[in-house]
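The structure appears below as structure tokens.
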Amino acid sequence: MRTKRDKGFKAKVALEALQGDSKITEIAAKYGVHPNKVGEWKKELIENASSIFEKKDTKQEKDWEKRESELLKIIGIRDVEVEFQKKSLKKLGLL
């Protein structure tokens, strides 16, 4: 019968194996898993450790970026309108 292990458990076992204070067989016996699994989890931890430091875009960040883009577009349109009004006022001699 297969036992599903959660990611926290796997991380704990893999970190202990990575430390190298105990043999993989000792760690496997301690946690009741096969030594091959301990080796797999250790390898997976090493391969994927860099992903911990990757920036993850959250929905809120994406919403903020979208809103910022919309506001910058509005500002650009308003700047064009203001410049047009200034030119018109100069032509009429009111500025």
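Just so we're on the same page: first chain in the structure tokens is A, next is B, and so on; residues restart at 1 for each chain, and ligands are numbered from 1 in the order they show up.
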List the spatial neighbours of stretch 31-33 of chain A as an mmCIF file with C-alpha atoms, in the first residue's frame - criterion: any atom at most 12 Å away, only C-alpha atoms, same-chain residues fewer than 2 positions off excluded.
```cif
data_model
loop_
_atom_site.group_PDB
_atom_site.id
_atom_site.type_symbol
_atom_site.label_atom_id
_atom_site.label_comp_id
_atom_site.auth_asym_id
_atom_site.auth_seq_id
_atom_site.Cartn_x
_atom_site.Cartn_y
_atom_site.Cartn_z
ATOM 1 C CA ARG A 2 1.381 3.385 -1.027
ATOM 2 C CA THR A 3 1.523 6.202 1.466
ATOM 3 C CA LYS A 4 1.136 9.788 0.298
ATOM 4 C CA ARG A 5 3.564 12.115 2.002
ATOM 5 C CA PHE A 9 7.400 15.969 5.345
ATOM 6 C CA LYS A 10 9.376 15.474 2.142
ATOM 7 C CA LYS A 12 12.074 17.866 6.227
ATOM 8 C CA VAL A 13 13.493 14.482 5.209
ATOM 9 C CA ALA A 14 15.343 15.940 2.202
ATOM 10 C CA GLU A 16 18.096 16.199 6.843
ATOM 11 C CA ALA A 17 19.616 14.100 4.052
ATOM 12 C CA ILE A 24 20.405 7.992 3.925
ATOM 13 C CA THR A 25 19.539 4.508 5.207
ATOM 14 C CA GLU A 26 19.437 5.829 8.785
ATOM 15 C CA ILE A 27 17.184 8.735 7.771
ATOM 16 C CA ALA A 28 14.928 6.366 5.837
ATOM 17 C CA ALA A 29 14.588 4.066 8.833
ATOM 18 C CA PRO A 35 16.065 4.944 1.060
ATOM 19 C CA ASN A 36 15.482 5.511 -2.671
ATOM 20 C CA LYS A 37 12.700 7.980 -1.810
ATOM 21 C CA VAL A 38 15.002 9.898 0.507
ATOM 22 C CA GLY A 39 17.540 10.117 -2.313
ATOM 23 C CA GLU A 40 14.867 11.260 -4.794
ATOM 24 C CA TRP A 41 13.587 13.963 -2.446
#
```
### Interatomic distance, atom CA of A:Leu94 to atom CA of A:Glu81 (Å, one decimal)
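Taking atom CA of A:Leu94 and atom CA of A:Glu81, their separation equals 17.0 Å.
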### For atom CA of A:His34 and atom CA of A:Met1, the interatomic separation in Å (one decimal)
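Between atom CA of A:His34 and atom CA of A:Met1 the gap is 13.1 Å.
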### Query
Would you give me, as number ranges by chain, the residues in chain A that DSSP reads as alpha helix (DSSP H)?
A: 7-19, 24-31, 35-48, 59-91
### Message
Taking 6 positions as the minimum chain separation for residues in the same chain, which residues sit within 9 Å of A:Leu18 when counting only C-alpha atoms? Answer as a ChimeraX atom specification.
### Response
/A:42-43,45-46
Would you put the residues from that selection into a file with C-alpha atoms, as a PDB file, in the first residue's frame?
```
ATOM      1  CA  LYS A  42      17.126  15.166  -1.758  1.00  0.00           C
ATOM      2  CA  LYS A  43      17.852  15.379  -5.487  1.00  0.00           C
ATOM      3  CA  LEU A  45      15.308  19.668  -3.361  1.00  0.00           C
ATOM      4  CA  ILE A  46      18.712  20.462  -4.842  1.00  0.00           C
TER       5      ILE A  46
END
```
#### Entry: Selected residue, from A:Leu72, A:Phe84, A:Ser22, A:Glu44, that lies nearest to A:Lys7 when counting only C-alpha atoms
A:Glu44
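Across the structure, atom CA of A:Lys90 and atom CA of A:Lys73 are spaced 26.2 Å apart.
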